[in-house]
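Here the structure is laid out as structure tokens; the discussion comes afterwards.
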Amino acid sequence: MSINAIRFLLNNDVVSIENIDPNMTVLQYLREERFNSGTKEGCSSGDCGACTVVMAELAKDKQTLNYKAINACISFVGSLHAKQLITVEHLKQGAKLHHVQQTMVDHHGSQCGFCTPGFVMSSFALHQHNNTPNRVEVLEALAGNLCRCTGYRSIIDAALVPNESTANDSFAQHYQQTVKQLNDFKTLPSAELSNNVHRYFAPKSSAELAKKLLDNPQAILVAGATDLALTVTQNLATIDDLVYLGDVAELHRLDNNADEFVIGSAVPYSEFTPMLANEYHELGEMIERIGSKQIRNNGTLGGNIGNASPIGDMPPALIALGATMTLQRGDSERKIALEDFFIAYKKTVLNEAEFIKNIYIPKAKAGQLLKVYKISKRIDDDISAVLAAFFIELNDNVVTNIRIAFGGMAGIPMRAKHCEAALLNKTFNKASITAAQQALTQDFQPMSDVRASDKYRMKVGQNLIEKCYLELQSKNIETRVVNYA
Ligand SMILES: Cc1cc2nc3c(=O)[nH]c(=O)nc-3n(C[C@H](O)[C@H](O)[C@H](O)COP(=O)(O)OP(=O)(O)OC[C@H]3O[C@@H](n4cnc5c(N)ncnc54)[C@H](O)[C@@H]3O)c2cc1C
Ligand code: FES
Ligand code: FES
């Protein structure tokens with residue numbers, strides 16, 4: 001059973017949409033269908049933050065709301081189902097600006113004003129969960145928003161002002177009503193959307209998803225859309241049939257077991273990062289550098305793997321950790337190692353109508369640790385030129401277990417097996433590190449592109465092997481920028 005519509009709250013009003021092209025983005029919907037032009041369009045690719053809106057959704061307890069800043073330009077309209085969409089027009093109450101708007105005025109945080117609604121919405125999302133943010137938290141919240149004229153100091157100062165009046169804004173006043181309405185939406189059958197040409201399905205269970213894919217093997221899976229939507233907004237493609245994974249209950253698994261983590265493929269970064277960062281600190285630091293807060297609020301682990309990009313950041317780290325995955329097709333499941341998933345550039349072992357269900361990430365045993373290095377031109381919101389991950393176990397300074405994986409060095413993320421062989425069962429010293437650096441040339445023949453040349457990639461890969469060694473030799477060597485505030 002399904003309903004041929006999506007239902008959501010726009011601010012506090014119930015909206016039902018049917019007969020609309022599911023390729024439409026939330027930004028297009030707001031500006032072209034609702035004439036809410038406060039939300040701006042800059043890049044249409046998730047990079048500038050001008051289109052930032054806030055999505056409130058039910059937390060797992062079904063009693064509380066999570067407020068997330070997202071990029072409206074790369075979110076499909078169907079993903080609004082059973083959520084609350086808050087835009088800049090909705091913040092003020094009568095003539096009174098919301099705290100996050102007033103502080104922008106007070107701190108002179110706006111000149112031409114084009115970026116201002118986006119900054120205000122990022123700041124609003126931050127203050128909904130944290131009304132006394134510190135500078136690091138503000139920088140993290142605003143890293144996905146660009147301003148070309150004001151300069152960031154005044155905007156950061158505005159966002160830093162504690163919000164004493166959170167409890168009085170209209171969202172706090174309608175909180176219980178919003179929770180009830182979103183719960184009511186959740187009881188509806190699976191949502192569908194169609195303009196009779198293009199179709200969108202949002203199954204609620206993995207069985208329903210599997211059947212939908214068998215019946216429509218041409219359909220394209222979409223989770224956070226932070227990769228896929230660019231094919232529509234940048235390549236100007238139109239997708240005939242979309243199957244949305246965000247409502248599939250089984251794909252939201254998040255288990256912290258004794259010896260492994262289990263992460264559902266549709267869980268966004270912002271939900272699974274704290275759990276992983278607690279076990280693998282450097283992995284947590286790296287994830288904080290994937291895109292921006294807006295991207296991490298929507299982007300999922302399944303999407304990062306399913307996209308099969310040679311420069312996706314999670315696969316090399318998870319390959320080094322020996323992660324495995326379950327793939328489902330129809331009612332059968334198979335389990336494979338993540339390192340066997342990628343076959344060639346953008347090609348995977350996924351069969352027609354098959355999808356990634358869960359990702360299993362082993363925990364470290366005593367003496368094992370993970371080192372991760374992301375090389376990009378900027379710290380925030382930038383794609384990697386090279387990503388290196390080292391999972392290593394030393395006993396009496398002998399390497400007794402090692403898995404090394406790289407991204408950006410080949411058409412797929414993959415292990416550096418010659419490099420590993422140069423280190424395994426060897427004393428961990430300068431001589432074995434030099435051998436490993438040389439062996440890297442047997443593992444990879446990197447390519448040149450807009451991000452880096454082949455020579456740069458190889459050199460930086462070799463240097464990262466040495467950096468890993470130096471950091472393990474002495475905890476006191478300062479090799480990283482750790483405080484950007
Ligand atoms: C501004 C910006 C910055 C970015 N920065 C980074 C970065 O720093 N590092 C990085 O690695 N990536 C980055 N990305 C890419 C993207 O955000 C990530 O790859 C993200 O994890 C994709 O997840 P998603 O849920 O949005 O995938 P979607 O866009 O929904 O899907 C991506 C692909 O995976 C497939 N897919 C999705 N889920 C499944 C599944 N369960 N089973 C099988 N196939 C599936 C889809 O069909 C599609 O082909 C960035 C993107 C943008 C726009
Ligand atoms: S318009 Fe630039 S991030 Fe959306
Ligand atoms: S005020 Fe002009 S872009 Fe920020």
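As shown in the structure tokens, the chain order sets the letters A, B, ...; within each chain, residues go from 1, and ligands are also counted from 1 in the order they appear.
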Which residues of chain A have any atom within 8 Å of an atom in ligand 2 when counting only C-alpha atoms and all ligand atoms, and what is the closest pair of atoms for each, with the distance in Å to one decimal? Order the rows by chain and rising number and write it as JSON lines.
```
{"residue": "A:Leu27", "atom": "CA", "partner": "ligand 2", "partner_atom_place_in_ligand_line": "4 (Fe)", "distance": 8.0}
{"residue": "A:Lys40", "atom": "CA", "partner": "ligand 2", "partner_atom_place_in_ligand_line": "1 (S)", "distance": 6.5}
{"residue": "A:Glu41", "atom": "CA", "partner": "ligand 2", "partner_atom_place_in_ligand_line": "1 (S)", "distance": 4.1}
{"residue": "A:Gly42", "atom": "CA", "partner": "ligand 2", "partner_atom_place_in_ligand_line": "1 (S)", "distance": 3.9}
{"residue": "A:Cys43", "atom": "CA", "partner": "ligand 2", "partner_atom_place_in_ligand_line": "2 (Fe)", "distance": 3.8}
{"residue": "A:Ser44", "atom": "CA", "partner": "ligand 2", "partner_atom_place_in_ligand_line": "1 (S)", "distance": 4.0}
{"residue": "A:Ser45", "atom": "CA", "partner": "ligand 2", "partner_atom_place_in_ligand_line": "3 (S)", "distance": 5.5}
{"residue": "A:Gly46", "atom": "CA", "partner": "ligand 2", "partner_atom_place_in_ligand_line": "3 (S)", "distance": 3.4}
{"residue": "A:Asp47", "atom": "CA", "partner": "ligand 2", "partner_atom_place_in_ligand_line": "3 (S)", "distance": 4.4}
{"residue": "A:Cys48", "atom": "CA", "partner": "ligand 2", "partner_atom_place_in_ligand_line": "2 (Fe)", "distance": 3.8}
{"residue": "A:Gly49", "atom": "CA", "partner": "ligand 2", "partner_atom_place_in_ligand_line": "3 (S)", "distance": 3.9}
{"residue": "A:Ala50", "atom": "CA", "partner": "ligand 2", "partner_atom_place_in_ligand_line": "1 (S)", "distance": 5.1}
{"residue": "A:Cys51", "atom": "CA", "partner": "ligand 2", "partner_atom_place_in_ligand_line": "4 (Fe)", "distance": 4.3}
{"residue": "A:Thr52", "atom": "CA", "partner": "ligand 2", "partner_atom_place_in_ligand_line": "4 (Fe)", "distance": 6.6}
{"residue": "A:Asn71", "atom": "CA", "partner": "ligand 2", "partner_atom_place_in_ligand_line": "4 (Fe)", "distance": 5.1}
{"residue": "A:Ala72", "atom": "CA", "partner": "ligand 2", "partner_atom_place_in_ligand_line": "4 (Fe)", "distance": 6.0}
{"residue": "A:Cys73", "atom": "CA", "partner": "ligand 2", "partner_atom_place_in_ligand_line": "4 (Fe)", "distance": 4.3}
{"residue": "A:Ile74", "atom": "CA", "partner": "ligand 2", "partner_atom_place_in_ligand_line": "4 (Fe)", "distance": 6.6}
{"residue": "A:Gly144", "atom": "CA", "partner": "ligand 2", "partner_atom_place_in_ligand_line": "3 (S)", "distance": 7.7}
{"residue": "A:Asn145", "atom": "CA", "partner": "ligand 2", "partner_atom_place_in_ligand_line": "3 (S)", "distance": 7.6}
```
A:Val372 environment, 10 Å, only C-alpha atoms, sequence neighbours closer than 3 positions dropped, as a CSV table (one decimal) with N, CA, C and O atoms, in the first residue's frame:
```
chain,number,residue,atom,x,y,z
A,280,TYR,N,37.8,5.3,16.9
A,280,TYR,CA,38.9,5.6,16.0
A,280,TYR,C,39.0,7.2,15.8
A,280,TYR,O,38.3,7.8,15.0
A,281,HIS,N,39.8,7.8,16.7
A,281,HIS,CA,39.8,9.2,16.8
A,281,HIS,C,40.1,9.9,15.5
A,281,HIS,O,39.5,10.9,15.1
A,282,GLU,N,41.1,9.4,14.8
A,282,GLU,CA,41.6,10.0,13.5
A,282,GLU,C,40.5,9.9,12.4
A,282,GLU,O,40.4,10.7,11.5
A,283,LEU,N,39.7,8.8,12.5
A,283,LEU,CA,38.6,8.6,11.5
A,283,LEU,C,37.6,9.7,11.8
A,283,LEU,O,37.1,10.3,10.9
A,284,GLY,N,37.3,9.9,13.1
A,284,GLY,CA,36.4,11.0,13.4
A,284,GLY,C,36.8,12.3,12.9
A,284,GLY,O,36.0,13.1,12.4
A,285,GLU,N,38.1,12.6,13.1
A,285,GLU,CA,38.6,13.9,12.6
A,285,GLU,C,38.5,14.0,11.1
A,285,GLU,O,38.2,15.1,10.5
A,286,MET,N,38.7,12.9,10.4
A,286,MET,CA,38.6,12.9,8.9
A,286,MET,C,37.2,13.1,8.5
A,286,MET,O,36.9,13.9,7.6
A,316,PRO,N,38.5,4.0,1.7
A,316,PRO,CA,39.9,3.6,2.1
A,316,PRO,C,40.0,3.3,3.6
A,316,PRO,O,40.7,2.3,4.0
A,317,ALA,N,39.4,4.2,4.4
A,317,ALA,CA,39.5,4.0,5.8
A,317,ALA,C,38.9,2.7,6.3
A,317,ALA,O,39.4,1.9,7.1
A,320,ALA,N,40.9,-0.4,5.2
A,320,ALA,CA,42.0,-0.6,6.1
A,320,ALA,C,41.5,-1.3,7.4
A,320,ALA,O,42.2,-2.1,8.0
A,387,LEU,N,43.8,10.0,-0.1
A,387,LEU,CA,43.4,9.7,1.3
A,387,LEU,C,44.2,8.4,1.6
A,387,LEU,O,44.1,7.4,0.9
A,388,ALA,N,44.9,8.4,2.8
A,388,ALA,CA,45.7,7.2,3.2
A,388,ALA,C,45.2,6.7,4.5
A,388,ALA,O,44.9,7.6,5.4
A,389,ALA,N,45.0,5.4,4.7
A,389,ALA,CA,44.6,4.9,5.9
A,389,ALA,C,45.5,3.7,6.3
A,389,ALA,O,45.7,2.8,5.4
A,390,PHE,N,46.0,3.7,7.5
A,390,PHE,CA,46.9,2.6,8.0
A,390,PHE,C,46.3,2.0,9.2
A,390,PHE,O,46.1,2.6,10.2
A,391,PHE,N,46.0,0.7,9.1
A,391,PHE,CA,45.6,-0.1,10.3
A,391,PHE,C,46.8,-1.0,10.7
A,391,PHE,O,47.3,-1.8,9.9
A,404,ILE,N,46.9,-1.4,4.6
A,404,ILE,CA,47.0,0.0,4.2
A,404,ILE,C,46.1,0.2,3.0
A,404,ILE,O,46.2,-0.7,2.0
A,405,ALA,N,45.3,1.2,2.9
A,405,ALA,CA,44.5,1.5,1.8
A,405,ALA,C,44.6,3.0,1.4
A,405,ALA,O,44.7,3.8,2.3
A,406,PHE,N,44.5,3.2,0.1
A,406,PHE,CA,44.5,4.6,-0.4
A,406,PHE,C,43.3,4.9,-1.3
A,406,PHE,O,42.8,4.0,-2.0
A,464,LEU,N,53.2,10.2,3.3
A,464,LEU,CA,52.2,9.9,4.4
A,464,LEU,C,52.7,8.6,5.1
A,464,LEU,O,52.4,8.4,6.3
A,468,CYS,N,53.2,8.7,9.1
A,468,CYS,CA,52.6,7.7,10.0
A,468,CYS,C,53.6,7.1,10.9
A,468,CYS,O,53.4,7.0,12.1
```
Once you count only C-alpha atoms and all ligand atoms, which residues end up within 12 Å of ligand 3, and could you hand them over as a PDB file with N, CA and C atoms, in the first residue's frame?
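Output saved as out.pdb:
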```
ATOM      1  N   LYS A  40      18.323  31.307  -1.210  1.00  0.00           N
ATOM      2  CA  LYS A  40      19.011  31.741  -2.434  1.00  0.00           C
ATOM      3  C   LYS A  40      19.663  30.571  -3.179  1.00  0.00           C
ATOM      4  N   GLU A  41      19.895  30.798  -4.458  1.00  0.00           N
ATOM      5  CA  GLU A  41      20.634  29.836  -5.258  1.00  0.00           C
ATOM      6  C   GLU A  41      21.975  30.450  -5.642  1.00  0.00           C
ATOM      7  N   GLY A  42      23.058  29.779  -5.246  1.00  0.00           N
ATOM      8  CA  GLY A  42      24.392  30.233  -5.643  1.00  0.00           C
ATOM      9  C   GLY A  42      24.978  29.251  -6.631  1.00  0.00           C
ATOM     10  N   CYS A  48      28.182  26.336  -1.641  1.00  0.00           N
ATOM     11  CA  CYS A  48      28.229  27.719  -1.139  1.00  0.00           C
ATOM     12  C   CYS A  48      27.343  27.966   0.069  1.00  0.00           C
ATOM     13  N   GLY A  49      26.323  27.142   0.266  1.00  0.00           N
ATOM     14  CA  GLY A  49      25.468  27.288   1.448  1.00  0.00           C
ATOM     15  C   GLY A  49      24.382  28.345   1.322  1.00  0.00           C
ATOM     16  N   ALA A  50      24.287  29.046   0.178  1.00  0.00           N
ATOM     17  CA  ALA A  50      23.272  30.103   0.032  1.00  0.00           C
ATOM     18  C   ALA A  50      21.861  29.543   0.161  1.00  0.00           C
ATOM     19  N   MET A 104      22.881  38.998  13.658  1.00  0.00           N
ATOM     20  CA  MET A 104      23.541  39.355  12.383  1.00  0.00           C
ATOM     21  C   MET A 104      23.442  40.865  12.157  1.00  0.00           C
ATOM     22  N   VAL A 105      22.296  41.446  12.490  1.00  0.00           N
ATOM     23  CA  VAL A 105      22.126  42.904  12.359  1.00  0.00           C
ATOM     24  C   VAL A 105      23.065  43.603  13.342  1.00  0.00           C
ATOM     25  N   HIS A 108      26.712  43.513  12.329  1.00  0.00           N
ATOM     26  CA  HIS A 108      27.007  43.970  10.952  1.00  0.00           C
ATOM     27  C   HIS A 108      27.494  42.783  10.103  1.00  0.00           C
ATOM     28  N   GLY A 109      26.738  41.679  10.167  1.00  0.00           N
ATOM     29  CA  GLY A 109      27.169  40.447   9.503  1.00  0.00           C
ATOM     30  C   GLY A 109      26.722  40.332   8.051  1.00  0.00           C
ATOM     31  N   SER A 110      26.225  41.426   7.460  1.00  0.00           N
ATOM     32  CA  SER A 110      25.704  41.316   6.099  1.00  0.00           C
ATOM     33  C   SER A 110      25.998  42.574   5.292  1.00  0.00           C
ATOM     34  N   GLN A 111      26.443  42.363   4.034  1.00  0.00           N
ATOM     35  CA  GLN A 111      26.613  43.530   3.142  1.00  0.00           C
ATOM     36  C   GLN A 111      25.642  43.388   1.969  1.00  0.00           C
ATOM     37  N   CYS A 112      26.013  42.626   0.928  1.00  0.00           N
ATOM     38  CA  CYS A 112      25.051  42.484  -0.185  1.00  0.00           C
ATOM     39  C   CYS A 112      23.866  41.637   0.248  1.00  0.00           C
ATOM     40  N   GLY A 113      24.074  40.761   1.232  1.00  0.00           N
ATOM     41  CA  GLY A 113      22.962  39.995   1.797  1.00  0.00           C
ATOM     42  C   GLY A 113      22.663  38.673   1.110  1.00  0.00           C
ATOM     43  N   PHE A 114      23.372  38.377   0.031  1.00  0.00           N
ATOM     44  CA  PHE A 114      23.021  37.158  -0.716  1.00  0.00           C
ATOM     45  C   PHE A 114      23.264  35.890   0.112  1.00  0.00           C
ATOM     46  N   CYS A 115      24.345  35.899   0.861  1.00  0.00           N
ATOM     47  CA  CYS A 115      24.677  34.703   1.656  1.00  0.00           C
ATOM     48  C   CYS A 115      23.913  34.661   2.965  1.00  0.00           C
ATOM     49  N   THR A 116      23.314  35.812   3.362  1.00  0.00           N
ATOM     50  CA  THR A 116      22.815  35.969   4.733  1.00  0.00           C
ATOM     51  C   THR A 116      21.743  34.939   5.124  1.00  0.00           C
ATOM     52  N   PRO A 117      20.731  34.680   4.282  1.00  0.00           N
ATOM     53  CA  PRO A 117      19.739  33.670   4.711  1.00  0.00           C
ATOM     54  C   PRO A 117      20.380  32.317   5.007  1.00  0.00           C
ATOM     55  N   GLY A 118      21.382  31.943   4.211  1.00  0.00           N
ATOM     56  CA  GLY A 118      22.052  30.655   4.421  1.00  0.00           C
ATOM     57  C   GLY A 118      22.788  30.620   5.750  1.00  0.00           C
ATOM     58  N   PHE A 119      23.534  31.707   6.040  1.00  0.00           N
ATOM     59  CA  PHE A 119      24.240  31.767   7.329  1.00  0.00           C
ATOM     60  C   PHE A 119      23.245  31.740   8.490  1.00  0.00           C
ATOM     61  N   VAL A 120      22.163  32.498   8.335  1.00  0.00           N
ATOM     62  CA  VAL A 120      21.163  32.559   9.406  1.00  0.00           C
ATOM     63  C   VAL A 120      20.595  31.164   9.675  1.00  0.00           C
ATOM     64  N   ASN A 145      29.129  27.531   4.476  1.00  0.00           N
ATOM     65  CA  ASN A 145      28.537  28.775   3.968  1.00  0.00           C
ATOM     66  C   ASN A 145      29.640  29.739   3.542  1.00  0.00           C
ATOM     67  N   LEU A 146      29.519  30.257   2.336  1.00  0.00           N
ATOM     68  CA  LEU A 146      30.520  31.198   1.821  1.00  0.00           C
ATOM     69  C   LEU A 146      29.943  32.615   1.788  1.00  0.00           C
ATOM     70  N   CYS A 147      30.803  33.583   2.090  1.00  0.00           N
ATOM     71  CA  CYS A 147      30.439  34.992   1.954  1.00  0.00           C
ATOM     72  C   CYS A 147      31.529  35.675   1.164  1.00  0.00           C
ATOM     73  N   ARG A 148      31.159  36.406   0.131  1.00  0.00           N
ATOM     74  CA  ARG A 148      32.194  37.015  -0.710  1.00  0.00           C
ATOM     75  C   ARG A 148      32.465  38.451  -0.306  1.00  0.00           C
ATOM     76  N   CYS A 149      31.612  39.060   0.549  1.00  0.00           N
ATOM     77  CA  CYS A 149      31.878  40.473   0.813  1.00  0.00           C
ATOM     78  C   CYS A 149      32.017  40.882   2.266  1.00  0.00           C
ATOM     79  N   THR A 150      31.264  40.300   3.188  1.00  0.00           N
ATOM     80  CA  THR A 150      31.307  40.838   4.557  1.00  0.00           C
ATOM     81  C   THR A 150      32.593  40.473   5.278  1.00  0.00           C
ATOM     82  N   GLY A 151      33.088  39.287   5.038  1.00  0.00           N
ATOM     83  CA  GLY A 151      34.188  38.779   5.867  1.00  0.00           C
ATOM     84  C   GLY A 151      33.565  38.013   7.003  1.00  0.00           C
ATOM     85  N   TYR A 152      34.274  37.011   7.478  1.00  0.00           N
ATOM     86  CA  TYR A 152      33.623  36.053   8.371  1.00  0.00           C
ATOM     87  C   TYR A 152      33.601  36.466   9.846  1.00  0.00           C
ATOM     88  N   ARG A 153      34.478  37.407  10.253  1.00  0.00           N
ATOM     89  CA  ARG A 153      34.568  37.682  11.681  1.00  0.00           C
ATOM     90  C   ARG A 153      33.222  38.106  12.265  1.00  0.00           C
ATOM     91  N   SER A 154      32.580  39.059  11.574  1.00  0.00           N
ATOM     92  CA  SER A 154      31.327  39.568  12.137  1.00  0.00           C
ATOM     93  C   SER A 154      30.226  38.498  12.114  1.00  0.00           C
ATOM     94  N   ILE A 155      30.265  37.629  11.116  1.00  0.00           N
ATOM     95  CA  ILE A 155      29.245  36.574  11.044  1.00  0.00           C
ATOM     96  C   ILE A 155      29.468  35.565  12.175  1.00  0.00           C
TER      97      ILE A 155
END
```
Could you report the residues within 8 Å of ligand 1, using only C-alpha atoms and all ligand atoms, as JSON, numbers by chain?
{"A": [45, 46, 47, 48, 74, 144, 220, 221, 222, 223, 224, 225, 226, 227, 228, 229, 230, 245, 251, 265, 266, 268, 269, 287, 289, 290, 291, 292, 295, 296, 298, 299, 300, 301, 302, 303, 304, 305, 306, 307, 308, 309, 311, 312, 313, 314, 327, 350, 354, 355, 356, 357, 380, 381, 382, 383, 384]}
Would you pick out the contacts of stretch 193-199 of chain A at 6 Å or less, using only C-alpha atoms, so that residues sharing its chain but fewer than 2 positions from it are not included, and give the list as a VMD selection string?
chain A and resid 4 to 5 18 to 21 240 to 241
All residues 9 Å or closer to A:Arg329, only C-alpha atoms, same chain fewer than 5 positions away omitted, as a ChimeraX atom specification
/A:210-211,213-214,334,351-355
Check the DSSP output for the backbone and give back, as a count of residues only, the residues of stretch 275-484 of chain A in alpha helix (DSSP H).
72
For A:Gly38, the nearest of the candidates A:His90, A:Lys60, A:Lys467, A:His174, counting only C-alpha atoms:
A:His90
Name all residues at most 7 Å from A:Ala439 (count only C-alpha atoms; drop same-chain ones fewer than 6 positions away) and give them as a PDB file with all heavy atoms, in the first residue's frame.
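Writing done, so here's out16.pdb:
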```
ATOM      1  N   HIS A 418      51.770  -4.367  -1.904  1.00  0.00           N
ATOM      2  CA  HIS A 418      53.241  -4.422  -1.900  1.00  0.00           C
ATOM      3  C   HIS A 418      53.794  -3.649  -0.713  1.00  0.00           C
ATOM      4  O   HIS A 418      54.768  -4.063  -0.068  1.00  0.00           O
ATOM      5  CB  HIS A 418      53.809  -3.861  -3.210  1.00  0.00           C
ATOM      6  CG  HIS A 418      53.530  -4.736  -4.399  1.00  0.00           C
ATOM      7  ND1 HIS A 418      52.438  -4.555  -5.207  1.00  0.00           N
ATOM      8  CD2 HIS A 418      54.195  -5.814  -4.892  1.00  0.00           C
ATOM      9  CE1 HIS A 418      52.448  -5.479  -6.159  1.00  0.00           C
ATOM     10  NE2 HIS A 418      53.507  -6.257  -5.990  1.00  0.00           N
ATOM     11  N   CYS A 419      53.185  -2.529  -0.483  1.00  0.00           N
ATOM     12  CA  CYS A 419      53.590  -1.684   0.634  1.00  0.00           C
ATOM     13  C   CYS A 419      53.391  -2.436   1.963  1.00  0.00           C
ATOM     14  O   CYS A 419      54.272  -2.431   2.841  1.00  0.00           O
ATOM     15  CB  CYS A 419      52.727  -0.435   0.552  1.00  0.00           C
ATOM     16  SG  CYS A 419      53.239   0.873   1.575  1.00  0.00           S
ATOM     17  N   ALA A 422      56.043  -5.035   2.449  1.00  0.00           N
ATOM     18  CA  ALA A 422      57.352  -4.482   2.833  1.00  0.00           C
ATOM     19  C   ALA A 422      57.441  -4.222   4.332  1.00  0.00           C
ATOM     20  O   ALA A 422      58.537  -4.063   4.876  1.00  0.00           O
ATOM     21  CB  ALA A 422      57.605  -3.194   2.048  1.00  0.00           C
TER      22      ALA A 422
END
```
